[in-house]
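A short write-up of the structure that comes next.
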Amino acid sequence: MLLCGLNYKYNMAGLKKIIVKESIKELRAFQKGVSTTVSKRIIMLIAIKRNSEQQSKRVLSMALGIDANSVTNWKKLYEEKGIEGLLSDGRVGFKPSVVTAEEHEALSKKLKDPKNGIRGYKELLAWVSTELSKEMKYITLLKYTERHFGSKIKVARKSHIKKEEKAVKAFKKTSVKNVRN
């Protein structure tokens, strides 16, 4: 029995039964191009479509491994907005970056310069504050440089920044002779 033109029925126990309009093939097609969050919603519709008997929200939640309130919310969403409502994730996009493209380039040059003399993130933060005139939190700079430049908090420096190349060549020549003898 269809009540008030809505797409659900009540059975004798008073449980609300959703009538899924889409076929299982259509639901599987929808499932392929969505995230795992939305995919569980589609799986719930497939489970409802396959079973002719009414399933409670608890049975569905146990089968899907989700909270029973999520099943209720998804059923309401399907009733109100249809499949389009279930497919929309509802989350907003990412925050804009704190660092502009010019600042990114300046940071890149500073970090890639072997003679820059920066020994840690606090010094880099001070450099950003003075050179780029930008106030930034320590953790923001840390995570940004890790994500974009692959930097790490503690890394042994390969060599001293003020060493002389001639002295290094002379050391290598004498050390090789001593090792071979």
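We label chains A, B, ... in the order they appear in the structure tokens, count residues from 1 in each chain, and number ligands from 1 in the order shown.
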Report task. Might you pull out every residue within 10 Å of segment 72-82 of chain A, with only C-alpha atoms counted and same-chain residues fewer than 4 positions away left off, and present them as a PyMOL selection string? Result -> chain A and resi 6-8+16-22+40-42+44-45+56-58+60-61+67-68+86-87
I need the chosen residues saved as a compact mmCIF listing (two decimals), in the first residue's frame, with N, CA and C atoms.
# COMPACT_ATOMS: atom_id res chain seq x y z
N LEU A 6 4.20 8.66 -1.13
CA LEU A 6 5.59 8.46 -0.74
C LEU A 6 6.02 7.05 -1.11
N ASN A 7 7.31 6.84 -1.17
CA ASN A 7 7.81 5.55 -1.64
C ASN A 7 8.18 4.62 -0.49
N TYR A 8 7.32 4.45 0.50
CA TYR A 8 7.53 3.47 1.54
C TYR A 8 6.20 2.91 2.00
N LYS A 16 8.90 0.69 8.85
CA LYS A 16 8.80 1.39 7.58
C LYS A 16 9.60 0.63 6.52
N LYS A 17 8.96 0.31 5.41
CA LYS A 17 9.63 -0.41 4.35
C LYS A 17 9.87 0.55 3.18
N ILE A 18 11.09 0.65 2.78
CA ILE A 18 11.47 1.50 1.66
C ILE A 18 11.29 0.72 0.37
N ILE A 19 10.73 1.35 -0.62
CA ILE A 19 10.62 0.76 -1.94
C ILE A 19 11.72 1.38 -2.79
N VAL A 20 12.68 0.54 -3.17
CA VAL A 20 13.81 1.00 -3.97
C VAL A 20 13.40 0.97 -5.42
N LYS A 21 13.44 2.11 -6.07
CA LYS A 21 12.99 2.24 -7.46
C LYS A 21 14.01 1.68 -8.45
N GLU A 22 15.29 1.84 -8.15
CA GLU A 22 16.35 1.45 -9.07
C GLU A 22 16.55 -0.07 -9.04
N LYS A 40 28.56 2.35 1.02
CA LYS A 40 27.77 1.61 2.02
C LYS A 40 26.30 1.97 1.91
N ARG A 41 26.01 3.19 1.52
CA ARG A 41 24.61 3.59 1.35
C ARG A 41 23.96 2.80 0.21
N ILE A 42 24.73 2.63 -0.86
CA ILE A 42 24.24 1.88 -2.01
C ILE A 42 24.07 0.40 -1.64
N MET A 44 23.32 -0.72 1.25
CA MET A 44 22.09 -0.80 2.03
C MET A 44 20.87 -0.90 1.12
N LEU A 45 20.84 -0.10 0.05
CA LEU A 45 19.72 -0.16 -0.89
C LEU A 45 19.66 -1.52 -1.59
N SER A 56 14.74 -4.76 9.83
CA SER A 56 14.82 -3.64 10.76
C SER A 56 16.14 -2.91 10.56
N LYS A 57 16.21 -1.72 11.12
CA LYS A 57 17.44 -0.94 10.99
C LYS A 57 18.59 -1.63 11.70
N ARG A 58 18.30 -2.38 12.75
CA ARG A 58 19.34 -3.09 13.49
C ARG A 58 19.93 -4.23 12.66
N LEU A 60 19.98 -4.41 9.36
CA LEU A 60 20.76 -3.77 8.29
C LEU A 60 22.09 -3.22 8.82
N SER A 61 22.04 -2.60 9.99
CA SER A 61 23.27 -2.03 10.54
C SER A 61 24.29 -3.12 10.89
N ASP A 67 26.34 2.08 12.22
CA ASP A 67 25.42 2.40 13.29
C ASP A 67 23.98 2.37 12.79
N ALA A 68 23.06 1.96 13.67
CA ALA A 68 21.64 1.87 13.29
C ALA A 68 21.06 3.24 12.95
N LEU A 86 21.42 10.29 -1.80
CA LEU A 86 22.35 9.33 -1.21
C LEU A 86 23.74 9.42 -1.83
N LEU A 87 23.80 9.75 -3.11
CA LEU A 87 25.09 9.81 -3.79
C LEU A 87 25.90 11.03 -3.41
Need to verify the contact set: segment 103-118 of chain A, 8 Å, only C-alpha atoms, exclusion of same-chain residues closer than 6 positions in sequence. Can you return it as a PDB file with N, CA and C atoms, in the first residue's frame?
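File produced: selection.pdb:
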ATOM      1  N   LEU A 124      63.426  28.028  10.313  1.00  0.00           N
ATOM      2  CA  LEU A 124      62.662  28.219   9.080  1.00  0.00           C
ATOM      3  C   LEU A 124      61.442  29.093   9.344  1.00  0.00           C
ATOM      4  N   LEU A 132      59.422  36.553   4.322  1.00  0.00           N
ATOM      5  CA  LEU A 132      58.149  36.524   3.602  1.00  0.00           C
ATOM      6  C   LEU A 132      57.075  37.374   4.268  1.00  0.00           C
ATOM      7  N   PHE A 149      57.624  19.040   0.409  1.00  0.00           N
ATOM      8  CA  PHE A 149      59.049  18.925   0.138  1.00  0.00           C
ATOM      9  C   PHE A 149      59.671  17.657   0.709  1.00  0.00           C
ATOM     10  N   ILE A 161      77.993  23.137   6.232  1.00  0.00           N
ATOM     11  CA  ILE A 161      77.698  24.088   5.163  1.00  0.00           C
ATOM     12  C   ILE A 161      78.879  24.995   4.838  1.00  0.00           C
ATOM     13  N   LYS A 162      79.843  25.122   5.773  1.00  0.00           N
ATOM     14  CA  LYS A 162      80.961  26.043   5.540  1.00  0.00           C
ATOM     15  C   LYS A 162      82.273  25.315   5.199  1.00  0.00           C
TER      16      LYS A 162
END
Shell around Lys134 of chain A at 12 Å using only C-alpha atoms, local window under 3 positions removed, as a CSV table (one decimal) with C-alpha atoms, in the first residue's frame:
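Now in around.csv:
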chain,number,residue,atom,x,y,z
A,98,VAL,CA,47.9,29.1,3.7
A,99,VAL,CA,51.0,29.3,1.5
A,100,THR,CA,50.7,31.2,-1.9
A,103,GLU,CA,55.9,31.7,-1.0
A,124,LEU,CA,62.7,28.2,9.1
A,125,LEU,CA,59.7,29.7,10.9
A,126,ALA,CA,61.7,32.8,11.8
A,127,TRP,CA,62.9,33.0,8.2
A,128,VAL,CA,59.3,32.9,6.9
A,129,SER,CA,58.4,35.6,9.4
A,130,THR,CA,61.2,38.0,8.4
A,131,GLU,CA,61.7,37.3,4.7
A,137,LYS,CA,52.0,28.4,13.2
A,141,LEU,CA,54.9,25.0,8.5
Requested in this report: Quick one: pull the distance between atom CA of Arg119 of chain A and atom CA of Lys169 of chain A, Å, one decimal.
Outcome: 25.4 Å
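Coordinates place atom CA of Tyr138 of chain A at a distance of 7.3 Å from atom CA of Lys122 of chain A.
The smallest atom-to-atom distance between Ser97 of chain A and any of A:Gly65, A:Glu164, A:Ser70, A:Tyr144, using only C-alpha atoms, is found for A:Tyr144.
Shortest atom-to-atom contact with Lys49 of chain A among A:Gly33, A:Ser23, A:His148, A:Lys163: A:Ser23, counting only C-alpha atoms.
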Report task. Taking the DSSP assignment computed from this structure's backbone, write out as an MDAnalysis selection string all residues of segment 109-160 of chain A that belong to helix (DSSP H, G or I). Result -> chainID A and resid 109:112 121:131 138:149
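Across the model, the gap from atom CA of Val168 of chain A to atom CA of Lys152 of chain A is 27.1 Å.
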